[in-house]
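So this one's final00.csv, CSV, N, CA and C atoms:
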```
chain,number,residue,atom,x,y,z
A,12,MET,N,-20.4,5.8,-7.3
A,12,MET,CA,-19.5,4.8,-6.7
A,12,MET,C,-18.2,5.6,-6.2
A,13,SER,N,-17.9,5.4,-5.0
A,13,SER,CA,-16.7,6.0,-4.4
A,13,SER,C,-15.6,5.0,-4.3
A,14,SER,N,-14.4,5.3,-4.8
A,14,SER,CA,-13.3,4.4,-4.7
A,14,SER,C,-12.0,5.2,-4.5
A,15,TRP,N,-11.0,4.5,-3.9
A,15,TRP,CA,-9.8,5.1,-3.6
A,15,TRP,C,-8.7,4.1,-3.6
A,16,THR,N,-7.5,4.5,-3.3
A,16,THR,CA,-6.3,3.6,-3.2
A,16,THR,C,-5.8,3.7,-1.8
A,17,ARG,N,-5.5,2.5,-1.2
A,17,ARG,CA,-4.9,2.5,0.1
A,17,ARG,C,-3.5,1.8,0.0
A,18,VAL,N,-2.5,2.5,0.5
A,18,VAL,CA,-1.1,2.0,0.4
A,18,VAL,C,-0.7,1.7,1.8
A,19,SER,N,-0.3,0.5,2.1
A,19,SER,CA,0.2,0.1,3.4
A,19,SER,C,1.7,-0.1,3.3
A,20,PHE,N,2.5,0.8,4.0
A,20,PHE,CA,4.0,0.7,3.9
A,20,PHE,C,4.5,-0.1,5.1
A,21,ASP,N,5.3,-1.1,4.7
A,21,ASP,CA,6.0,-1.9,5.7
A,21,ASP,C,7.3,-1.2,6.0
A,22,PRO,N,7.5,-0.6,7.1
A,22,PRO,CA,8.7,0.2,7.3
A,22,PRO,C,10.0,-0.6,7.4
A,23,GLY,N,9.9,-1.9,7.7
A,23,GLY,CA,11.1,-2.7,7.8
A,23,GLY,C,12.0,-2.1,8.9
A,24,LYS,N,13.3,-1.9,8.6
A,24,LYS,CA,14.2,-1.3,9.6
A,24,LYS,C,14.2,0.2,9.6
A,25,THR,N,13.4,0.8,8.7
A,25,THR,CA,13.4,2.3,8.6
A,25,THR,C,12.6,2.9,9.8
A,26,GLY,N,11.5,2.3,10.2
A,26,GLY,CA,10.7,2.8,11.3
A,26,GLY,C,9.5,3.6,10.8
A,27,ILE,N,8.5,3.6,11.6
A,27,ILE,CA,7.2,4.2,11.3
A,27,ILE,C,7.3,5.7,11.2
A,28,GLU,N,8.0,6.4,12.1
A,28,GLU,CA,8.2,7.8,12.1
A,28,GLU,C,8.9,8.3,10.9
A,29,ALA,N,9.9,7.6,10.4
A,29,ALA,CA,10.6,8.0,9.2
A,29,ALA,C,9.7,7.9,8.0
A,30,ILE,N,8.9,6.8,7.9
A,30,ILE,CA,8.0,6.7,6.8
A,30,ILE,C,7.0,7.8,6.8
A,31,THR,N,6.4,8.1,7.9
A,31,THR,CA,5.5,9.2,8.1
A,31,THR,C,6.1,10.5,7.6
A,32,ASN,N,7.3,10.8,8.1
A,32,ASN,CA,8.0,12.0,7.7
A,32,ASN,C,8.3,12.1,6.2
A,33,ASP,N,8.7,11.0,5.6
A,33,ASP,CA,8.9,10.9,4.2
A,33,ASP,C,7.7,11.3,3.4
A,34,LEU,N,6.5,10.7,3.8
A,34,LEU,CA,5.3,11.0,3.2
A,34,LEU,C,4.9,12.5,3.3
A,35,GLN,N,5.1,13.1,4.5
A,35,GLN,CA,4.8,14.5,4.7
A,35,GLN,C,5.7,15.4,3.9
A,36,LYS,N,6.9,15.0,3.6
A,36,LYS,CA,7.8,15.8,2.8
A,36,LYS,C,7.4,15.7,1.3
A,37,ALA,N,7.0,14.5,0.9
A,37,ALA,CA,6.6,14.2,-0.5
A,37,ALA,C,5.3,14.8,-0.9
A,38,LEU,N,4.3,14.8,0.0
A,38,LEU,CA,2.9,15.1,-0.3
A,38,LEU,C,2.4,16.3,0.5
A,39,GLU,N,1.5,17.0,0.0
A,39,GLU,CA,0.9,18.1,0.8
A,39,GLU,C,-0.3,17.5,1.6
A,40,ASP,N,-0.1,17.4,2.9
A,40,ASP,CA,-1.1,16.9,3.9
A,40,ASP,C,-1.7,15.6,3.5
A,41,PRO,N,-0.8,14.5,3.5
A,41,PRO,CA,-1.3,13.2,3.2
A,41,PRO,C,-2.3,12.6,4.2
A,42,ASP,N,-3.2,11.9,3.8
A,42,ASP,CA,-4.2,11.2,4.6
A,42,ASP,C,-3.6,9.9,5.1
A,43,THR,N,-3.0,9.9,6.3
A,43,THR,CA,-2.3,8.7,6.8
A,43,THR,C,-2.8,8.3,8.2
A,44,PHE,N,-2.6,7.0,8.5
A,44,PHE,CA,-2.8,6.6,9.8
A,44,PHE,C,-1.9,5.4,10.1
A,45,ILE,N,-1.7,5.0,11.3
A,45,ILE,CA,-0.9,3.9,11.7
A,45,ILE,C,-1.8,2.7,12.0
A,46,HIS,N,-1.5,1.5,11.4
A,46,HIS,CA,-2.3,0.3,11.6
A,46,HIS,C,-1.3,-0.8,11.8
A,47,ASN,N,-1.3,-1.4,13.0
A,47,ASN,CA,-0.4,-2.6,13.2
A,47,ASN,C,1.0,-2.4,12.8
A,48,ASP,N,1.7,-1.4,13.2
A,48,ASP,CA,3.1,-1.1,12.9
A,48,ASP,C,3.3,-0.8,11.4
A,49,MET,N,2.3,-0.4,10.7
A,49,MET,CA,2.5,0.0,9.3
A,49,MET,C,1.9,1.4,9.1
A,50,VAL,N,2.4,2.1,8.2
A,50,VAL,CA,1.9,3.4,7.8
A,50,VAL,C,1.0,3.3,6.6
A,51,VAL,N,-0.3,3.7,6.8
A,51,VAL,CA,-1.3,3.5,5.7
A,51,VAL,C,-1.6,4.9,5.1
A,52,TRP,N,-1.5,5.0,3.8
A,52,TRP,CA,-1.8,6.2,3.1
A,52,TRP,C,-3.1,6.0,2.2
A,53,LYS,N,-4.1,6.9,2.4
A,53,LYS,CA,-5.3,6.8,1.5
A,53,LYS,C,-5.2,8.0,0.5
A,54,THR,N,-5.4,7.6,-0.8
A,54,THR,CA,-5.3,8.6,-1.8
A,54,THR,C,-6.3,8.3,-2.9
A,55,PHE,N,-6.6,9.3,-3.7
A,55,PHE,CA,-7.6,9.1,-4.8
A,55,PHE,C,-6.8,9.0,-6.1
A,56,ASP,N,-5.5,9.0,-6.0
A,56,ASP,CA,-4.6,8.9,-7.2
A,56,ASP,C,-4.3,7.5,-7.5
A,57,GLU,N,-3.8,7.2,-8.7
A,57,GLU,CA,-3.3,5.9,-9.1
A,57,GLU,C,-1.9,5.8,-8.5
A,58,VAL,N,-1.6,4.7,-8.0
A,58,VAL,CA,-0.3,4.4,-7.4
A,58,VAL,C,0.3,3.2,-8.0
A,59,ASP,N,1.5,3.3,-8.6
A,59,ASP,CA,2.2,2.2,-9.2
A,59,ASP,C,3.7,2.3,-8.7
A,60,ALA,N,4.5,1.4,-9.3
A,60,ALA,CA,5.9,1.3,-8.8
A,60,ALA,C,6.6,2.6,-9.0
A,61,GLN,N,6.4,3.3,-10.2
A,61,GLN,CA,7.1,4.5,-10.4
A,61,GLN,C,6.7,5.6,-9.5
A,62,ARG,N,5.4,5.7,-9.2
A,62,ARG,CA,4.9,6.7,-8.2
A,62,ARG,C,5.5,6.4,-6.8
A,63,LEU,N,5.5,5.2,-6.4
A,63,LEU,CA,6.2,4.9,-5.1
A,63,LEU,C,7.6,5.2,-5.1
A,64,THR,N,8.3,4.9,-6.1
A,64,THR,CA,9.8,5.3,-6.2
A,64,THR,C,9.9,6.8,-6.2
A,65,ASP,N,9.1,7.5,-6.9
A,65,ASP,CA,9.2,9.0,-7.0
A,65,ASP,C,9.0,9.6,-5.7
A,66,LEU,N,8.1,9.0,-4.8
A,66,LEU,CA,7.9,9.6,-3.5
A,66,LEU,C,9.1,9.6,-2.6
A,67,GLY,N,10.0,8.6,-2.8
A,67,GLY,CA,11.2,8.6,-2.0
A,67,GLY,C,11.0,7.9,-0.7
A,68,ILE,N,10.0,7.2,-0.5
A,68,ILE,CA,9.7,6.5,0.7
A,68,ILE,C,10.6,5.3,0.9
A,69,GLU,N,11.3,5.2,2.1
A,69,GLU,CA,12.2,4.2,2.3
A,69,GLU,C,11.7,3.0,3.0
A,70,ALA,N,10.4,2.6,2.7
A,70,ALA,CA,9.8,1.4,3.3
A,70,ALA,C,10.4,0.2,2.6
A,71,SER,N,10.4,-1.0,3.3
A,71,SER,CA,10.9,-2.2,2.6
A,71,SER,C,9.9,-2.7,1.6
A,72,ARG,N,8.6,-2.6,1.9
A,72,ARG,CA,7.5,-3.1,1.0
A,72,ARG,C,6.3,-2.1,1.1
A,73,ALA,N,5.5,-2.2,0.0
A,73,ALA,CA,4.3,-1.4,0.0
A,73,ALA,C,3.2,-2.3,-0.7
A,74,LEU,N,2.0,-2.4,0.0
A,74,LEU,CA,0.9,-3.0,-0.6
A,74,LEU,C,-0.1,-2.0,-1.0
A,75,VAL,N,-0.4,-2.0,-2.3
A,75,VAL,CA,-1.3,-1.0,-2.9
A,75,VAL,C,-2.6,-1.7,-3.2
A,76,MET,N,-3.7,-1.2,-2.6
A,76,MET,CA,-5.0,-1.9,-2.8
A,76,MET,C,-6.0,-0.9,-3.3
A,77,HIS,N,-6.8,-1.3,-4.3
A,77,HIS,CA,-7.9,-0.5,-4.8
A,77,HIS,C,-9.1,-0.9,-3.9
A,78,VAL,N,-9.7,0.2,-3.3
A,78,VAL,CA,-10.8,0.0,-2.4
A,78,VAL,C,-12.0,0.7,-2.9
A,79,SER,N,-13.2,0.1,-2.8
A,79,SER,CA,-14.4,0.7,-3.2
A,79,SER,C,-15.5,0.5,-2.2
A,80,ASP,N,-16.4,1.4,-2.0
A,80,ASP,CA,-17.4,1.3,-1.0
A,80,ASP,C,-18.7,0.6,-1.6
A,81,THR,N,-18.8,0.5,-2.9
A,81,THR,CA,-20.0,-0.1,-3.5
A,81,THR,C,-19.7,-1.3,-4.4
A,82,SER,N,-18.5,-1.5,-4.7
A,82,SER,CA,-18.2,-2.6,-5.6
A,82,SER,C,-17.7,-3.8,-4.9
A,83,ASN,N,-18.2,-5.0,-5.2
A,83,ASN,CA,-17.8,-6.2,-4.5
A,83,ASN,C,-16.6,-6.8,-5.3
A,84,SER,N,-15.5,-6.1,-5.4
A,84,SER,CA,-14.3,-6.6,-6.0
A,84,SER,C,-13.1,-6.1,-5.3
A,85,GLY,N,-12.0,-6.7,-5.4
A,85,GLY,CA,-10.8,-6.3,-4.8
A,85,GLY,C,-9.6,-6.6,-5.6
A,86,SER,N,-8.5,-5.8,-5.4
A,86,SER,CA,-7.3,-6.1,-6.1
A,86,SER,C,-6.2,-5.5,-5.3
A,87,GLY,N,-5.0,-6.0,-5.4
A,87,GLY,CA,-3.8,-5.5,-4.7
A,87,GLY,C,-2.5,-5.9,-5.4
A,88,ARG,N,-1.6,-5.0,-5.2
A,88,ARG,CA,-0.2,-5.2,-5.8
A,88,ARG,C,0.8,-5.0,-4.7
A,89,LEU,N,1.7,-6.0,-4.5
A,89,LEU,CA,2.7,-5.9,-3.5
A,89,LEU,C,4.1,-5.5,-4.2
A,90,TYR,N,4.7,-4.4,-3.7
A,90,TYR,CA,6.0,-4.0,-4.2
A,90,TYR,C,7.0,-4.1,-3.2
A,91,LYS,N,8.2,-4.4,-3.6
A,91,LYS,CA,9.4,-4.5,-2.7
A,91,LYS,C,10.4,-3.5,-3.2
A,92,ARG,N,11.0,-2.8,-2.2
A,92,ARG,CA,12.0,-1.8,-2.5
A,92,ARG,C,13.4,-2.4,-2.6
A,93,ILE,N,13.9,-2.3,-3.8
A,93,ILE,CA,15.3,-2.8,-4.1
A,93,ILE,C,16.1,-1.7,-4.8
A,94,ASP,N,17.2,-1.4,-4.1
A,94,ASP,CA,18.1,-0.4,-4.7
A,94,ASP,C,17.4,0.9,-4.9
A,95,SER,N,16.6,1.4,-4.0
A,95,SER,CA,15.9,2.7,-4.0
A,95,SER,C,14.7,2.7,-5.0
A,96,GLU,N,14.4,1.6,-5.6
A,96,GLU,CA,13.2,1.5,-6.5
A,96,GLU,C,12.2,0.4,-6.0
A,97,PHE,N,11.0,0.7,-6.2
A,97,PHE,CA,9.9,-0.2,-5.9
A,97,PHE,C,9.7,-1.1,-7.1
A,98,ILE,N,9.7,-2.4,-6.9
A,98,ILE,CA,9.6,-3.4,-7.9
A,98,ILE,C,8.3,-4.3,-7.6
A,99,LEU,N,7.5,-4.5,-8.6
A,99,LEU,CA,6.3,-5.4,-8.4
A,99,LEU,C,6.8,-6.8,-8.0
A,100,LEU,N,6.3,-7.2,-6.9
A,100,LEU,CA,6.6,-8.5,-6.4
A,100,LEU,C,5.5,-9.5,-6.6
A,101,ASP,N,4.2,-9.1,-6.4
A,101,ASP,CA,3.1,-10.0,-6.6
A,101,ASP,C,1.8,-9.1,-6.8
A,102,ALA,N,0.8,-9.7,-7.5
A,102,ALA,CA,-0.4,-9.0,-7.7
A,102,ALA,C,-1.6,-10.0,-7.6
A,103,MET,N,-2.7,-9.5,-7.2
A,103,MET,CA,-3.9,-10.3,-7.0
A,103,MET,C,-5.1,-9.5,-7.3
A,104,SER,N,-6.0,-10.0,-8.1
A,104,SER,CA,-7.3,-9.3,-8.3
A,104,SER,C,-8.4,-10.4,-8.6
A,105,GLY,N,-9.6,-9.9,-8.4
A,105,GLY,CA,-10.7,-10.8,-8.6
A,105,GLY,C,-12.0,-10.1,-9.0
A,106,GLY,N,-13.0,-10.8,-9.3
A,106,GLY,CA,-14.2,-10.2,-9.8
A,106,GLY,C,-15.2,-10.1,-8.6
A,107,GLU,N,-16.5,-10.1,-8.9
A,107,GLU,CA,-17.5,-9.9,-7.9
A,107,GLU,C,-17.4,-10.9,-6.8
A,108,GLY,N,-17.6,-10.5,-5.6
A,108,GLY,CA,-17.5,-11.4,-4.5
A,108,GLY,C,-16.1,-11.5,-3.9
A,109,TYR,N,-15.2,-10.8,-4.5
A,109,TYR,CA,-13.8,-10.9,-4.1
A,109,TYR,C,-13.4,-9.6,-3.4
A,110,PHE,N,-13.1,-9.7,-2.2
A,110,PHE,CA,-12.9,-8.5,-1.3
A,110,PHE,C,-11.5,-8.2,-1.0
A,111,GLY,N,-11.3,-7.0,-0.5
A,111,GLY,CA,-9.9,-6.6,0.0
A,111,GLY,C,-9.4,-7.5,1.0
A,112,ARG,N,-10.2,-8.0,1.9
A,112,ARG,CA,-9.7,-8.9,2.9
A,112,ARG,C,-9.1,-10.2,2.3
A,113,ASP,N,-9.6,-10.6,1.1
A,113,ASP,CA,-9.0,-11.8,0.4
A,113,ASP,C,-7.6,-11.4,0.0
A,114,VAL,N,-7.4,-10.2,-0.5
A,114,VAL,CA,-6.1,-9.8,-0.9
A,114,VAL,C,-5.1,-9.8,0.3
A,115,LEU,N,-5.6,-9.2,1.4
A,115,LEU,CA,-4.8,-9.1,2.7
A,115,LEU,C,-4.4,-10.5,3.1
A,116,ALA,N,-5.4,-11.5,3.1
A,116,ALA,CA,-5.1,-12.8,3.5
A,116,ALA,C,-4.1,-13.5,2.6
A,117,TYR,N,-4.2,-13.3,1.4
A,117,TYR,CA,-3.2,-13.9,0.4
A,117,TYR,C,-1.8,-13.3,0.7
A,118,MET,N,-1.7,-12.0,0.8
A,118,MET,CA,-0.4,-11.4,1.0
A,118,MET,C,0.2,-11.8,2.3
A,119,GLN,N,-0.6,-12.0,3.3
A,119,GLN,CA,-0.1,-12.4,4.6
A,119,GLN,C,0.4,-13.9,4.5
A,120,ARG,N,-0.4,-14.7,3.9
A,120,ARG,CA,-0.1,-16.1,3.7
A,120,ARG,C,1.2,-16.3,2.8
A,121,GLU,N,1.2,-15.7,1.7
A,121,GLU,CA,2.3,-15.9,0.7
A,121,GLU,C,3.5,-15.1,1.0
A,122,HIS,N,3.4,-13.9,1.7
A,122,HIS,CA,4.6,-13.0,1.8
A,122,HIS,C,4.8,-12.6,3.2
A,123,GLY,N,4.0,-13.1,4.2
A,123,GLY,CA,4.2,-12.7,5.6
A,123,GLY,C,4.0,-11.3,5.9
A,124,LEU,N,3.1,-10.6,5.0
A,124,LEU,CA,2.8,-9.2,5.2
A,124,LEU,C,1.7,-9.1,6.2
A,125,VAL,N,2.1,-8.9,7.5
A,125,VAL,CA,1.1,-8.8,8.5
A,125,VAL,C,0.9,-7.3,8.9
A,126,GLY,N,-0.3,-6.9,9.1
A,126,GLY,CA,-0.6,-5.6,9.6
A,126,GLY,C,-1.1,-4.6,8.6
A,127,ALA,N,-1.2,-5.0,7.3
A,127,ALA,CA,-1.7,-4.1,6.3
A,127,ALA,C,-3.2,-3.8,6.5
A,128,ALA,N,-3.6,-2.6,6.1
A,128,ALA,CA,-5.0,-2.2,6.2
A,128,ALA,C,-5.6,-2.0,4.9
```

Go ahead and express the file in the form of structure tokens.
Amino acid sequence: MSSWTRVSFDPGKTGIEAITNDLQKALEDPDTFIHNDMVVWKTFDEVDAQRLTDLGIEASRALVMHVSDTSNSGSGRLYKRIDSEFILLDAMSGGEGYFGRDVLAYMQREHGLVGAA
């Protein structure tokens, strides 16, 4: 089974280029792409609030999703940057038959997070 973590950064007032530059400074050759005005980072590492804070990314929010190519389950955690630290704002997870798109739909509906991948 292959799995990874996908982090969608909402740049807020910071801007996409600044977020991309921050990631490149913090990580060696990060796997990133732009999706609907968000910077998306794919990693095989665990990402939590402390890891996001340590990276020094100045995004307003970050959606961390566990993604798997063979498991029919999904989970996501939404963090908000407050005073230079990322704080857990909301989390959602489910069992079999629960997909990443359900997490995205929930975060969009409840928190207006549009554009995450």

With all atoms of region 96-104 of chain A from the file as input, state the centre and edge lengths in Å to one decimal of the axis-aligned box that has 8 Å extra on each side, as JSON.
```
{"center_x": 3.0, "center_y": -4.4, "center_z": -7.1, "size_x": 38.8, "size_y": 28.0, "size_z": 19.0}
```

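Taking CA of Thr16 (chain A) and CA of Val58 (chain A) as the two end points, the separation is 7.4 Å.
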
Can you pull out every residue from chain A that DSSP, working from the backbone, puts in helix (DSSP H, G or I), and format the result as a PyMOL selection string?
chain A and resi 27-37+60-66+111-122

Restricted to N, CA and C atoms, what would the selected residues look like written as a compact mmCIF listing (two decimals), in the frame of the given file?
```txt
# COMPACT_ATOMS: atom_id res chain seq x y z
N ILE A 27 8.50 3.60 11.60
CA ILE A 27 7.20 4.20 11.30
C ILE A 27 7.30 5.70 11.20
N GLU A 28 8.00 6.40 12.10
CA GLU A 28 8.20 7.80 12.10
C GLU A 28 8.90 8.30 10.90
N ALA A 29 9.90 7.60 10.40
CA ALA A 29 10.60 8.00 9.20
C ALA A 29 9.70 7.90 8.00
N ILE A 30 8.90 6.80 7.90
CA ILE A 30 8.00 6.70 6.80
C ILE A 30 7.00 7.80 6.80
N THR A 31 6.40 8.10 7.90
CA THR A 31 5.50 9.20 8.10
C THR A 31 6.10 10.50 7.60
N ASN A 32 7.30 10.80 8.10
CA ASN A 32 8.00 12.00 7.70
C ASN A 32 8.30 12.10 6.20
N ASP A 33 8.70 11.00 5.60
CA ASP A 33 8.90 10.90 4.20
C ASP A 33 7.70 11.30 3.40
N LEU A 34 6.50 10.70 3.80
CA LEU A 34 5.30 11.00 3.20
C LEU A 34 4.90 12.50 3.30
N GLN A 35 5.10 13.10 4.50
CA GLN A 35 4.80 14.50 4.70
C GLN A 35 5.70 15.40 3.90
N LYS A 36 6.90 15.00 3.60
CA LYS A 36 7.80 15.80 2.80
C LYS A 36 7.40 15.70 1.30
N ALA A 37 7.00 14.50 0.90
CA ALA A 37 6.60 14.20 -0.50
C ALA A 37 5.30 14.80 -0.90
N ALA A 60 4.50 1.40 -9.30
CA ALA A 60 5.90 1.30 -8.80
C ALA A 60 6.60 2.60 -9.00
N GLN A 61 6.40 3.30 -10.20
CA GLN A 61 7.10 4.50 -10.40
C GLN A 61 6.70 5.60 -9.50
N ARG A 62 5.40 5.70 -9.20
CA ARG A 62 4.90 6.70 -8.20
C ARG A 62 5.50 6.40 -6.80
N LEU A 63 5.50 5.20 -6.40
CA LEU A 63 6.20 4.90 -5.10
C LEU A 63 7.60 5.20 -5.10
N THR A 64 8.30 4.90 -6.10
CA THR A 64 9.80 5.30 -6.20
C THR A 64 9.90 6.80 -6.20
N ASP A 65 9.10 7.50 -6.90
CA ASP A 65 9.20 9.00 -7.00
C ASP A 65 9.00 9.60 -5.70
N LEU A 66 8.10 9.00 -4.80
CA LEU A 66 7.90 9.60 -3.50
C LEU A 66 9.10 9.60 -2.60
N GLY A 111 -11.30 -7.00 -0.50
CA GLY A 111 -9.90 -6.60 0.00
C GLY A 111 -9.40 -7.50 1.00
N ARG A 112 -10.20 -8.00 1.90
CA ARG A 112 -9.70 -8.90 2.90
C ARG A 112 -9.10 -10.20 2.30
N ASP A 113 -9.60 -10.60 1.10
CA ASP A 113 -9.00 -11.80 0.40
C ASP A 113 -7.60 -11.40 0.00
N VAL A 114 -7.40 -10.20 -0.50
CA VAL A 114 -6.10 -9.80 -0.90
C VAL A 114 -5.10 -9.80 0.30
N LEU A 115 -5.60 -9.20 1.40
CA LEU A 115 -4.80 -9.10 2.70
C LEU A 115 -4.40 -10.50 3.10
N ALA A 116 -5.40 -11.50 3.10
CA ALA A 116 -5.10 -12.80 3.50
C ALA A 116 -4.10 -13.50 2.60
N TYR A 117 -4.20 -13.30 1.40
CA TYR A 117 -3.20 -13.90 0.40
C TYR A 117 -1.80 -13.30 0.70
N MET A 118 -1.70 -12.00 0.80
CA MET A 118 -0.40 -11.40 1.00
C MET A 118 0.20 -11.80 2.30
N GLN A 119 -0.60 -12.00 3.30
CA GLN A 119 -0.10 -12.40 4.60
C GLN A 119 0.40 -13.90 4.50
N ARG A 120 -0.40 -14.70 3.90
CA ARG A 120 -0.10 -16.10 3.70
C ARG A 120 1.20 -16.30 2.80
N GLU A 121 1.20 -15.70 1.70
CA GLU A 121 2.30 -15.90 0.70
C GLU A 121 3.50 -15.10 1.00
N HIS A 122 3.40 -13.90 1.70
CA HIS A 122 4.60 -13.00 1.80
C HIS A 122 4.80 -12.60 3.20
```

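The coordinates place CA of Asp33 (chain A) at 28.3 Å from atom C of Arg120 (chain A).
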
d(atom C of Ser104 (chain A), atom C of Gly67 (chain A)) in Å:
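These two atoms are separated by 27.8 Å.
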
Excluding Leu66 (chain A) and residues on its chain fewer than 3 positions from it, collect all residues at most 8 Å away from it, counting only N, CA and C atoms, and give them as a PyMOL selection string.
chain A and resi 33-34+36-38+60-63+69
